[in-house]
Amino acid sequence: MTGSDQANVAVAANSLFKNYGSVEALKDVSLSINDNEFFTLLGPSGCGKTTLLRIIAGFEAITAGTLFLHGKNIADLPANKRPVNTVFQNYSLFPHMTVADNVGFGLEMQGKDKQHIKQRAGEMLELVQLGEYADRKPSQLSGGQQQRVALARALAPQPEVLLLDEPLSALDLKLRKAMRIELKQIQENAGITFIFVTHDQEEALTMSDRIAVMSQGELQQLGTATDIYQEPKNKFVADFIGESNLIASTVLGADNNSIQCKLTDNVSITTPNTLGAAPGDQGELCIRPERIRLSNSGESASLEGVVDSVMYLGTDTQVVLKLDDKQSISVRTQNADNNRAVVEVGQRVGLHIDESSCRFLAG
Amino acid sequence: MSGLVEKSSFGGLRKPLLMPAWVMIGFFLIIPVLTMLVYSFLTKEFRGGVIWEFSLAAYDQFFFDRGLFGDEPPKIEWTYINIFWRSIVQAFVATIICLVIGFPTAYFIATRSANTRNIWLFLITVPYWVNLLIRTVSMKFLIRDSGPLNHWLMQAGFIDSPIHLINTNFAVQLGLFYSYLPFMVLPIYASVERYNFSLSEASADLYAGRWTTLRRIVLPAVKPGIIAGCILVFVPSLGAFLAPDLLGGAKNFMIGTLIEEQFKGASGNWPFGAAASMLLLSLVLVVLLFYARSQSKQALHH
Amino acid sequence: MKEKALDQIKRYPGFFPMAVLCLFLLYTPLIIVMIYSFNDSPSITRWGGFSLRWYEDVFFGLEATKLRKAAWNSVTIATMAAICATVIATAAAVGMVRSAAWRGKTASFAILSLPIMVPEIVTAVATLIFFSTIGFKAGYATILIAHIVFCIPFAYLPIAARLEGIDSNYEQAALDLYASRWQAFKRVLLPLLAPGIISGFLLAFIISLDDFIITNFVKGAGIETLPTAIFGAIRQGIKPNIMAISTLMLLVSILFVTVSYFVGRMGETKK
């Protein structure tokens with residue numbers, strides 16, 4: 001119903017529930033995924049993202065809720081009748097078949113003629129730059145090559161939606177980074193909706209058009225990469241995506257545009273009121289470490305702290321400070337010049353917080 | 001609501017896939033065992049067979065002696081209890097021999113390189129594939145009074161007259177050991193192979209000697225394999241027929257030979273044979289239940 | 001020197017001699033019988049020179065027809081029993097291994113392994129009593145049925161073990177690529193499972209060929225298999241022709257275990 005009205009919605013899920021015995025793997029998950037979108041399900045292991053993917057693929061049945069693919073109810077359709085293909089985490093290439101037979105398998109099962117299968121398999125292997133490996137067995141390929149074959153195999157039958165279950169997790173870091181760019185390009189060229197599952201936030205942030213953050217079977221937030229980084233809706237998202245200082249706080253005063261939150265006994269912070277907080281609300285103040293600037297004693301600062309530890313990380317330096325009320329706070333400063341030792345342990349420094357970037361998250 | 005999705009994988013076909021096995025085993029093993037249970041409570045017919053009349057005679061004969069004419073006050077009948085007891089002892093001794101020789105062998109094999117390991121495993125498995133009857137006959141041939149073993153020993157001057165091995169308890173133990181040794185080696189091998197040898201290194205690092213390491217670290221780790229091996233040797237030994245029959249002779253009866261006698265020709269006693277079989281089966285089930293309990297306890301610990 | 005001392009953490013003196021003793025005990029009786037099967041002397045104890053006369057006796061002697069018939073029965077029963085048991089066990093293995101935990105799983109596994117757990121002599125007695133109660137005439141068919149049942153767990157174990165090592169994602173990938181359940185089984189699971197199925201078949205075949213106790217109970221009067229024929233013959237003492245038959249059966253067993261071994265390794269390298 002939801003899906004049928006809008007032509008550009010590829011997958012529409014409404015109030016999905018999935019129970020394994022007494023374990024609730026999915027709790028009331030609703031989302032819609034658009035055509036040609038690179039959509040990512042992001043969350044820690046056990047959050048339900050893979051369950052959701054397997055439900056869309058047809059490997060798991062829904063306990064309650066509805067599921068539409070291009071307006072068609074697919075909740076009862078078995079996997080082999082859904083125009084949806086999967087790239088498996090460990091690729092699951094059939095070890096007893098050649099690369100070309102693997103890529104052609106879906107078309108063969110659809111009953112396409114041999115000439116067409118051969119041609120299409122060849123095209124797909126060219127697309128992933130493995131044209132000359134057609135007659136090899138999967139075990140004779142490297143991990144990265146197997147990954148490409150798995151992609152070619154899933155794309156060959158031209159599915160309406162491609163599902164990718166942590167496809168990069170088995171690759172080493174360099175290859176993983178290269179594949180991110182390549183995957184995104186392939187998605188743009190093929191014009192197919194990609195639903196990508198990962199626990200790696202960097203992967204999610206770099207590739208996705210939109211990201212759904214999940215935790216404990218529930219959808220926590222859905223939005224673009226900037227949305228979920230800059231406007232986290234709750235403590236889980238703020239904590240899971242990037243680093244943040246989460247400091248217990250109370251709303252002191254609020255109007256439609258901004259709120260004053262308590263930081264320490266005598267310092268408060270004014271932030272945009274994006275989530276509709278009211279005076280007296282208890283919660284946490286989210287301050288990104290890179291949005292704090294440190295100053296030496298010469299400059300006047302409303303907030304001061306003592307340096308507890310300094311960690312050099314290459315591109316930047318992480319400094320942990322103790323505020324006067326013993327609260328710890330972490331700060332990241334970019335190593336833009338050669339003056340590495342910005343501060344020293346035990347030194348007293350001033351903190352300048354970019355208040356407009358902070359968010360108050362009601363607890 | 002989404003039965004079709006679940007049914008589309010093999011999991012959904014569970015019942016039809018398992019049905020043939022259930023039916024075959026249920027119809028031709030479980031029902032027969034139940035029929036046997038019924039038979040053990042029937043009355044004996046003199047030409048071998050039964051009369052369909054309820055009777056406790058079979059069990060009574062097993063446990064009690066009521067004299068030649070059955071009119072004396074019942075005394076405990078030790079003959080059959082002794083046969084059961086002897087079988088348990090024989091099976092136990094055979095299991096111990098298997099363990100004493102099998103454990104070092106399994107451990108040795110598991111610590112070889114992959115290729116050597118495969119050759120050893122192959123050599124250990126080959127005899128298991130050889131017909132049990134032929135193996136038992138070979139053993140009988142070898143240890144007979146006038147067999148090659150005694151012949152050589154006498155020629156070499158170790159002994160003056162043949163050692164009498166055949167038709168002794170020891171011959172039966174040897175035969176059982178010979179029949180089931182691979183059952184001891186293979187499960188122990190499997191668990192030693194899974195054993196993480198850096199644990200031995202950690203033990204040595206903490207000043208334990210080799211034998212202490214074996215006792216305190218290795219043995220507890222491979223215990224499941226040892227128990228499995230012991231069960232796999234003990235259970236078939238208990239009901240063995242060929243080894244006691246061919247190597248033990250008339251004096252060294254075990255349960256298997258006792259049961260077999262009851263079904264041979266007209267002299268047999270089917271209800272008594274059925275009762276003895278039920279008692280053997282119960283004995284085995286007790287051992288297996290004990291094993292299953294120790295297994296599930298271990299599963300709980302991990 | 002030093003390396004050796006360090007390596008000794010996991011080695012124990014005496015274990016190697018034990019392993020050698022183990023092999024010695026396992027093989028001596030078999031080798032002795034093999035040697036004496038070539039003994040020319042009719043007395044089985046004294047060595048009378050090399051000869052093939054007992055093999056000739058097995059194939060062309062007085063008992064040759066009887067033995068040939070017994071061998072034929074053994075081989076045909078073993079073949080049919082192993083085929084049936086393997087088919088049943090393959091289906092059961094897929095049903096067991098590929099289903100999520102369910103209430104009857106442990107019970108179902110117990111049923112499948114029951115023929116191994118129940119002592120052979122008890123199975124033999126129960127089967128005899130059962131067939132005699134329902135009035136089924138003892139003979140070829142009763143032996144075959146008993147063998148199929150007895151062989152199921154022996155075929156099941158290697159097949160299930162192999163299946164457990166095959167990621168279920170393979171079938172799911174096939175289903176995902178529009179294969180029907182039957183196509184997914186035939187095109188993906190069956191080729192991957194083949195080494196397990198072959199091992200299961202060979203084991204079931206050998207177990208059936210070896211069986212003495214159950215056959216002896218359910219065979220009835222007019223029919224013999226090789227083991228029952230041999231057992232009948234040695235009642236009158238071990239004759240040299242028995243040793244010749246034993247040697248021949250030994251070679252068949254070695255052939256089987258070799259085939260099974262190489263099939264197993266093939267499976268390993270394929271993975």
# chains A, B, ... in the order shown; residues from 1 in each chain; ligands from 1

call {"tool": "residues_around", "arguments": {"residues": "C:Ile254", "least_positions_apart": "4", "cutoff": "7 Å", "atoms": "only C-alpha atoms", "output": "PyMOL selection string"}}
result
(chain B and resi 126) or (chain C and resi 250+258)

call {"tool": "write_last_selection", "arguments": {"atoms": "N, CA, C and O atoms", "output": "PDB file, in the first residue's frame"}}
result
ATOM      1  N   VAL B 126      42.725 -49.132   8.543  1.00  0.00           N
ATOM      2  CA  VAL B 126      42.595 -50.315   7.678  1.00  0.00           C
ATOM      3  C   VAL B 126      42.021 -51.529   8.420  1.00  0.00           C
ATOM      4  O   VAL B 126      41.038 -52.117   7.963  1.00  0.00           O
TER       5      VAL B 126
ATOM      6  N   LEU C 250      40.403 -59.507   2.813  1.00  0.00           N
ATOM      7  CA  LEU C 250      41.306 -58.481   3.330  1.00  0.00           C
ATOM      8  C   LEU C 250      41.676 -57.502   2.216  1.00  0.00           C
ATOM      9  O   LEU C 250      41.668 -56.283   2.404  1.00  0.00           O
ATOM     10  N   THR C 258      41.224 -47.634   0.800  1.00  0.00           N
ATOM     11  CA  THR C 258      42.075 -46.772  -0.007  1.00  0.00           C
ATOM     12  C   THR C 258      41.217 -45.815  -0.833  1.00  0.00           C
ATOM     13  O   THR C 258      41.481 -44.609  -0.876  1.00  0.00           O
TER      14      THR C 258
END

call {"tool": "interface_residues", "arguments": {"of": "chain A", "to": "chain B", "cutoff": "6 Å", "atoms": "only C-alpha atoms", "output": "JSON, numbers by chain"}}
result
{"A": [61, 76, 78]}

call {"tool": "residues_around", "arguments": {"residues": "A:Lys184", "least_positions_apart": "6", "cutoff": "12 Å", "atoms": "only C-alpha atoms", "output": "CSV table (one decimal) with N, CA and C atoms, in the first residue's frame"}}
result
chain,number,residue,atom,x,y,z
A,36,ASN,N,17.6,3.7,-7.2
A,36,ASN,CA,19.0,4.2,-7.5
A,36,ASN,C,19.7,4.7,-6.2
A,37,GLU,N,19.3,4.3,-5.1
A,37,GLU,CA,19.9,4.9,-3.9
A,37,GLU,C,20.9,3.9,-3.4
A,38,PHE,N,22.0,4.5,-2.8
A,38,PHE,CA,23.0,3.6,-2.1
A,38,PHE,C,22.6,3.8,-0.6
A,39,PHE,N,21.9,2.8,-0.1
A,39,PHE,CA,21.4,2.8,1.2
A,39,PHE,C,22.1,1.9,2.1
A,40,THR,N,22.5,2.4,3.3
A,40,THR,CA,23.3,1.6,4.2
A,40,THR,C,22.6,1.3,5.5
A,177,LYS,N,39.5,0.2,1.0
A,177,LYS,CA,39.3,1.6,0.6
A,177,LYS,C,39.1,1.8,-0.9
A,178,ALA,N,39.9,1.0,-1.7
A,178,ALA,CA,39.8,1.1,-3.1
A,178,ALA,C,38.4,0.6,-3.6
A,190,ALA,N,25.3,1.2,-12.9
A,190,ALA,CA,24.3,0.2,-13.1
A,190,ALA,C,22.9,0.7,-12.8
A,191,GLY,N,22.8,1.8,-12.1
A,191,GLY,CA,21.5,2.4,-11.8
A,191,GLY,C,20.6,1.4,-11.0
A,192,ILE,N,21.2,0.7,-10.1
A,192,ILE,CA,20.4,-0.3,-9.3
A,192,ILE,C,20.5,0.2,-7.8
A,193,THR,N,19.4,0.0,-7.1
A,193,THR,CA,19.4,0.3,-5.7
A,193,THR,C,20.3,-0.7,-4.9
A,194,PHE,N,21.2,-0.2,-4.2
A,194,PHE,CA,22.1,-1.0,-3.3
A,194,PHE,C,21.7,-0.9,-1.9
A,195,ILE,N,21.5,-2.0,-1.2
A,195,ILE,CA,21.3,-2.0,0.2
A,195,ILE,C,22.5,-2.6,0.8
A,196,PHE,N,23.3,-1.9,1.6
A,196,PHE,CA,24.6,-2.2,2.0
A,196,PHE,C,24.6,-2.4,3.6
A,203,GLU,N,33.0,3.3,6.4
A,203,GLU,CA,32.4,2.8,5.1
A,203,GLU,C,31.1,3.4,4.8
A,204,ALA,N,30.2,3.4,5.9
A,204,ALA,CA,28.9,3.9,5.7
A,204,ALA,C,28.9,5.4,5.3
A,206,THR,N,31.3,7.2,3.9
A,206,THR,CA,31.9,7.6,2.6
A,206,THR,C,31.0,7.2,1.4
A,207,MET,N,30.3,6.1,1.5
A,207,MET,CA,29.6,5.6,0.3
A,207,MET,C,28.1,5.9,0.2
A,208,SER,N,27.5,6.1,1.3
A,208,SER,CA,26.0,6.1,1.3
A,208,SER,C,25.3,7.4,0.9
A,209,ASP,N,24.2,7.2,0.2
A,209,ASP,CA,23.3,8.3,0.0
A,209,ASP,C,22.6,8.6,1.3

call {"tool": "atom_distance", "arguments": {"atom1": "atom CA of A:Arg359", "atom2": "atom CA of A:Asn266"}}
result
18.9 Å

call {"tool": "select_by_dssp", "arguments": {"residues": "stretch 23-244 of chain B", "states": "strand (DSSP E)", "output": "NGL selection string"}}
result
:B and (42-44 or 50-54 or 64-65 or 75-76)

call {"tool": "write_last_selection", "arguments": {"atoms": "N, CA, C and O atoms", "output": "PDB file, in the first residue's frame"}}
result
ATOM      1  N   LEU B  42       6.644 -63.710  28.054  1.00  0.00           N
ATOM      2  CA  LEU B  42       5.785 -64.786  27.572  1.00  0.00           C
ATOM      3  C   LEU B  42       6.292 -66.140  28.084  1.00  0.00           C
ATOM      4  O   LEU B  42       7.371 -66.239  28.674  1.00  0.00           O
ATOM      5  N   THR B  43       5.493 -67.165  27.811  1.00  0.00           N
ATOM      6  CA  THR B  43       5.851 -68.503  28.270  1.00  0.00           C
ATOM      7  C   THR B  43       6.616 -69.248  27.180  1.00  0.00           C
ATOM      8  O   THR B  43       6.290 -69.150  26.004  1.00  0.00           O
ATOM      9  N   LYS B  44       7.609 -69.964  27.613  1.00  0.00           N
ATOM     10  CA  LYS B  44       8.476 -70.699  26.700  1.00  0.00           C
ATOM     11  C   LYS B  44       7.735 -71.886  26.067  1.00  0.00           C
ATOM     12  O   LYS B  44       6.949 -72.567  26.726  1.00  0.00           O
ATOM     13  N   VAL B  50       7.292 -69.418  21.422  1.00  0.00           N
ATOM     14  CA  VAL B  50       6.590 -68.995  22.634  1.00  0.00           C
ATOM     15  C   VAL B  50       5.122 -69.374  22.616  1.00  0.00           C
ATOM     16  O   VAL B  50       4.534 -69.631  21.572  1.00  0.00           O
ATOM     17  N   ILE B  51       4.541 -69.424  23.785  1.00  0.00           N
ATOM     18  CA  ILE B  51       3.097 -69.487  23.947  1.00  0.00           C
ATOM     19  C   ILE B  51       2.671 -68.117  24.453  1.00  0.00           C
ATOM     20  O   ILE B  51       3.322 -67.539  25.338  1.00  0.00           O
ATOM     21  N   TRP B  52       1.591 -67.566  23.878  1.00  0.00           N
ATOM     22  CA  TRP B  52       1.200 -66.201  24.241  1.00  0.00           C
ATOM     23  C   TRP B  52       0.477 -66.170  25.571  1.00  0.00           C
ATOM     24  O   TRP B  52      -0.719 -65.989  25.657  1.00  0.00           O
ATOM     25  N   GLU B  53       1.230 -66.370  26.617  1.00  0.00           N
ATOM     26  CA  GLU B  53       0.664 -66.334  27.946  1.00  0.00           C
ATOM     27  C   GLU B  53       1.632 -65.565  28.824  1.00  0.00           C
ATOM     28  O   GLU B  53       2.830 -65.834  28.813  1.00  0.00           O
ATOM     29  N   PHE B  54       1.109 -64.621  29.605  1.00  0.00           N
ATOM     30  CA  PHE B  54       1.997 -63.810  30.436  1.00  0.00           C
ATOM     31  C   PHE B  54       2.727 -64.688  31.454  1.00  0.00           C
ATOM     32  O   PHE B  54       2.137 -65.579  32.057  1.00  0.00           O
ATOM     33  N   PHE B  64      16.628 -66.253  40.012  1.00  0.00           N
ATOM     34  CA  PHE B  64      16.392 -67.150  41.154  1.00  0.00           C
ATOM     35  C   PHE B  64      16.543 -68.624  40.809  1.00  0.00           C
ATOM     36  O   PHE B  64      16.242 -69.054  39.699  1.00  0.00           O
ATOM     37  N   ASP B  65      16.984 -69.350  41.794  1.00  0.00           N
ATOM     38  CA  ASP B  65      17.119 -70.800  41.685  1.00  0.00           C
ATOM     39  C   ASP B  65      16.050 -71.436  42.570  1.00  0.00           C
ATOM     40  O   ASP B  65      16.020 -71.209  43.776  1.00  0.00           O
ATOM     41  N   LYS B  75      16.370 -69.247  45.875  1.00  0.00           N
ATOM     42  CA  LYS B  75      17.676 -68.710  46.262  1.00  0.00           C
ATOM     43  C   LYS B  75      18.154 -67.870  45.087  1.00  0.00           C
ATOM     44  O   LYS B  75      17.682 -68.037  43.967  1.00  0.00           O
ATOM     45  N   ILE B  76      19.088 -66.964  45.363  1.00  0.00           N
ATOM     46  CA  ILE B  76      19.648 -66.185  44.244  1.00  0.00           C
ATOM     47  C   ILE B  76      20.390 -67.146  43.317  1.00  0.00           C
ATOM     48  O   ILE B  76      21.202 -67.961  43.761  1.00  0.00           O
TER      49      ILE B  76
END

call {"tool": "closest_atom_pairs", "arguments": {"of": "chain C", "to": "chain A", "cutoff": "10 Å", "atoms": "only C-alpha atoms", "output": "tab-separated table"}}
result
residue	atom	partner	partner_atom	distance
C:Asp167	CA	A:Ser92	CA	7.9
C:Ser168	CA	A:Ser92	CA	9.0
C:Asn169	CA	A:Ser92	CA	6.0
C:Tyr170	CA	A:Ser92	CA	5.4
C:Glu171	CA	A:Ser92	CA	8.9
C:Gln172	CA	A:Phe59	CA	7.3
C:Ala173	CA	A:Ser92	CA	6.8
C:Ala174	CA	A:Gly106	CA	7.6
C:Leu175	CA	A:Asn80	CA	4.7
C:Asp176	CA	A:Asn80	CA	5.1
C:Leu177	CA	A:Gly106	CA	4.3
C:Tyr178	CA	A:Asn80	CA	3.9
C:Ala179	CA	A:Met109	CA	5.2
C:Ser180	CA	A:Asn80	CA	6.4
C:Arg181	CA	A:Asn80	CA	8.6
C:Gln183	CA	A:Met109	CA	8.1
C:Ala184	CA	A:Met109	CA	9.6
C:Arg187	CA	A:Phe94	CA	9.5
C:Val188	CA	A:Phe94	CA	6.9
C:Leu189	CA	A:Phe94	CA	9.4
C:Pro191	CA	A:His96	CA	7.2
C:Leu192	CA	A:His96	CA	7.2
C:Lys270	CA	A:Pro95	CA	7.5
C:Lys271	CA	A:Pro95	CA	7.2

call {"tool": "residues_around", "arguments": {"residues": "C:Leu52", "least_positions_apart": "6", "cutoff": "8 Å", "atoms": "only C-alpha atoms", "output": "ChimeraX atom specification"}}
result
/C:38-40

call {"tool": "write_last_selection", "arguments": {"atoms": "N, CA and C atoms", "output": "PDB file, in the first residue's frame"}}
result
ATOM      1  N   PHE C  38      49.353 -69.032   1.671  1.00  0.00           N
ATOM      2  CA  PHE C  38      50.183 -69.515   0.551  1.00  0.00           C
ATOM      3  C   PHE C  38      50.956 -70.779   0.920  1.00  0.00           C
ATOM      4  N   ASN C  39      50.597 -71.357   2.061  1.00  0.00           N
ATOM      5  CA  ASN C  39      51.315 -72.540   2.540  1.00  0.00           C
ATOM      6  C   ASN C  39      50.877 -73.785   1.760  1.00  0.00           C
ATOM      7  N   ASP C  40      51.856 -74.515   1.273  1.00  0.00           N
ATOM      8  CA  ASP C  40      51.533 -75.685   0.457  1.00  0.00           C
ATOM      9  C   ASP C  40      51.021 -76.846   1.309  1.00  0.00           C
TER      10      ASP C  40
END

call {"tool": "closest_residue", "arguments": {"among": "C:Gly139, C:Gly61, C:Gly48, C:Pro240", "to": "chain B", "atoms": "only C-alpha atoms"}}
result
C:Pro240

call {"tool": "closest_residue", "arguments": {"among": "A:Val99, A:Gly143, A:His116, A:Glu218", "to": "A:Val29", "atoms": "only C-alpha atoms"}}
result
A:Glu218

call {"tool": "closest_residue", "arguments": {"among": "B:Ala208, B:Ile97, B:Val130, B:Val218", "to": "chain C", "atoms": "only C-alpha atoms"}}
result
B:Val130

call {"tool": "residues_around", "arguments": {"residues": "A:Met179", "least_positions_apart": "3", "cutoff": "10 Å", "atoms": "only C-alpha atoms", "output": "PDB file with N, CA, C and O atoms, in the first residue's frame"}}
result
ATOM      1  N   GLY A 144      40.096 -10.224  -3.063  1.00  0.00           N
ATOM      2  CA  GLY A 144      39.506  -9.087  -3.751  1.00  0.00           C
ATOM      3  C   GLY A 144      38.844  -9.505  -5.052  1.00  0.00           C
ATOM      4  O   GLY A 144      37.759  -9.024  -5.393  1.00  0.00           O
ATOM      5  N   GLN A 147      35.616 -11.245  -4.416  1.00  0.00           N
ATOM      6  CA  GLN A 147      34.630 -10.242  -4.068  1.00  0.00           C
ATOM      7  C   GLN A 147      33.989  -9.671  -5.335  1.00  0.00           C
ATOM      8  O   GLN A 147      32.777  -9.515  -5.433  1.00  0.00           O
ATOM      9  N   ARG A 148      34.827  -9.398  -6.337  1.00  0.00           N
ATOM     10  CA  ARG A 148      34.304  -8.865  -7.593  1.00  0.00           C
ATOM     11  C   ARG A 148      33.438  -9.884  -8.315  1.00  0.00           C
ATOM     12  O   ARG A 148      32.422  -9.533  -8.919  1.00  0.00           O
ATOM     13  N   PRO A 167      30.240  -6.839   2.506  1.00  0.00           N
ATOM     14  CA  PRO A 167      31.049  -7.504   1.471  1.00  0.00           C
ATOM     15  C   PRO A 167      32.530  -7.161   1.574  1.00  0.00           C
ATOM     16  O   PRO A 167      33.358  -7.885   1.035  1.00  0.00           O
ATOM     17  N   LEU A 168      32.880  -6.095   2.258  1.00  0.00           N
ATOM     18  CA  LEU A 168      34.281  -5.680   2.274  1.00  0.00           C
ATOM     19  C   LEU A 168      35.018  -6.137   3.520  1.00  0.00           C
ATOM     20  O   LEU A 168      36.218  -5.940   3.648  1.00  0.00           O
ATOM     21  N   LEU A 171      38.365  -8.090   3.397  1.00  0.00           N
ATOM     22  CA  LEU A 171      39.504  -7.560   2.644  1.00  0.00           C
ATOM     23  C   LEU A 171      40.419  -6.739   3.550  1.00  0.00           C
ATOM     24  O   LEU A 171      39.989  -6.243   4.584  1.00  0.00           O
ATOM     25  N   LEU A 173      42.811  -3.442   4.578  1.00  0.00           N
ATOM     26  CA  LEU A 173      42.399  -2.035   4.634  1.00  0.00           C
ATOM     27  C   LEU A 173      42.549  -1.303   3.308  1.00  0.00           C
ATOM     28  O   LEU A 173      41.634  -0.626   2.847  1.00  0.00           O
ATOM     29  N   LYS A 174      43.707  -1.468   2.650  1.00  0.00           N
ATOM     30  CA  LYS A 174      43.965  -0.746   1.383  1.00  0.00           C
ATOM     31  C   LYS A 174      42.933  -1.104   0.335  1.00  0.00           C
ATOM     32  O   LYS A 174      42.344  -0.268  -0.323  1.00  0.00           O
ATOM     33  N   LEU A 175      42.726  -2.442   0.184  1.00  0.00           N
ATOM     34  CA  LEU A 175      41.799  -2.948  -0.824  1.00  0.00           C
ATOM     35  C   LEU A 175      40.380  -2.496  -0.513  1.00  0.00           C
ATOM     36  O   LEU A 175      39.601  -2.148  -1.396  1.00  0.00           O
ATOM     37  N   ARG A 176      40.081  -2.483   0.786  1.00  0.00           N
ATOM     38  CA  ARG A 176      38.753  -2.091   1.224  1.00  0.00           C
ATOM     39  C   ARG A 176      38.469  -0.659   0.787  1.00  0.00           C
ATOM     40  O   ARG A 176      37.409  -0.338   0.275  1.00  0.00           O
ATOM     41  N   GLU A 182      35.074   1.951  -5.942  1.00  0.00           N
ATOM     42  CA  GLU A 182      34.643   1.174  -7.088  1.00  0.00           C
ATOM     43  C   GLU A 182      33.169   0.766  -6.969  1.00  0.00           C
ATOM     44  O   GLU A 182      32.409   0.854  -7.930  1.00  0.00           O
ATOM     45  N   LEU A 183      32.782   0.331  -5.781  1.00  0.00           N
ATOM     46  CA  LEU A 183      31.395  -0.082  -5.553  1.00  0.00           C
ATOM     47  C   LEU A 183      30.438   1.064  -5.852  1.00  0.00           C
ATOM     48  O   LEU A 183      29.419   0.892  -6.505  1.00  0.00           O
ATOM     49  N   LYS A 184      30.817   2.242  -5.370  1.00  0.00           N
ATOM     50  CA  LYS A 184      29.968   3.417  -5.552  1.00  0.00           C
ATOM     51  C   LYS A 184      29.826   3.711  -7.039  1.00  0.00           C
ATOM     52  O   LYS A 184      28.736   4.012  -7.530  1.00  0.00           O
ATOM     53  N   GLN A 185      30.944   3.590  -7.785  1.00  0.00           N
ATOM     54  CA  GLN A 185      30.904   3.841  -9.228  1.00  0.00           C
ATOM     55  C   GLN A 185      30.012   2.819  -9.930  1.00  0.00           C
ATOM     56  O   GLN A 185      29.201   3.170 -10.784  1.00  0.00           O
TER      57      GLN A 185
END

call {"tool": "residues_around", "arguments": {"residues": "B:Ile217", "least_positions_apart": "5", "cutoff": "10 Å", "atoms": "only C-alpha atoms", "output": "list in words"}}
result
Phe197, Leu199, Ser200, Ala202, Ser203, Ala208, Trp211, Thr212 and Val222 of chain B

call {"tool": "closest_residue", "arguments": {"among": "B:Gln155, B:Thr105, B:Asn118, B:Thr136", "to": "C:Pro17", "atoms": "only C-alpha atoms"}}
result
B:Thr105

call {"tool": "select_by_dssp", "arguments": {"residues": "stretch 230-358 of chain A", "states": "helix (DSSP H, G or I)", "output": "PyMOL selection string"}}
result
chain A and resi 230+235-240+289-291+355-357

call {"tool": "residues_around", "arguments": {"residues": "stretch 328-335 of chain A", "least_positions_apart": "6", "cutoff": "6 Å", "atoms": "only C-alpha atoms", "output": "compact mmCIF listing (two decimals) with N, CA and C atoms, in the first residue's frame"}}
result
# COMPACT_ATOMS: atom_id res chain seq x y z
N PRO A 289 34.85 16.22 19.78
CA PRO A 289 36.20 16.60 20.23
C PRO A 289 36.89 17.58 19.28
N GLU A 290 36.57 17.49 17.97
CA GLU A 290 37.26 18.38 17.03
C GLU A 290 36.65 19.78 17.02
N THR A 315 47.55 12.37 11.94
CA THR A 315 46.88 13.55 11.39
C THR A 315 46.46 14.53 12.47
N ASP A 316 46.17 14.02 13.63
CA ASP A 316 45.79 14.93 14.71
C ASP A 316 46.29 14.42 16.06
N THR A 317 46.04 15.20 17.09
CA THR A 317 46.48 14.85 18.42
C THR A 317 45.25 14.82 19.33
N GLN A 318 45.18 13.77 20.15
CA GLN A 318 44.05 13.69 21.07
C GLN A 318 44.51 14.10 22.46
N VAL A 319 43.83 15.06 23.03
CA VAL A 319 44.18 15.54 24.37
C VAL A 319 42.99 15.26 25.30
N VAL A 320 43.28 14.63 26.44
CA VAL A 320 42.22 14.44 27.42
C VAL A 320 42.48 15.38 28.59
N LEU A 321 41.44 16.12 28.96
CA LEU A 321 41.60 17.09 30.03
C LEU A 321 40.66 16.78 31.18
N LYS A 322 41.04 17.25 32.36
CA LYS A 322 40.14 17.18 33.51
C LYS A 322 39.65 18.57 33.81

call {"tool": "atom_distance", "arguments": {"atom1": "atom CA of B:Met154", "atom2": "atom CA of C:Ile32"}}
result
17.1 Å

call {"tool": "closest_residue", "arguments": {"among": "B:Trp78, B:Tyr291, B:Tyr178, B:Phe84", "to": "chain C", "atoms": "only C-alpha atoms"}}
result
B:Tyr178

call {"tool": "closest_residue", "arguments": {"among": "C:Ser132, C:Ser208, C:Ser99, C:Ser113", "to": "chain B", "atoms": "only C-alpha atoms"}}
result
C:Ser99
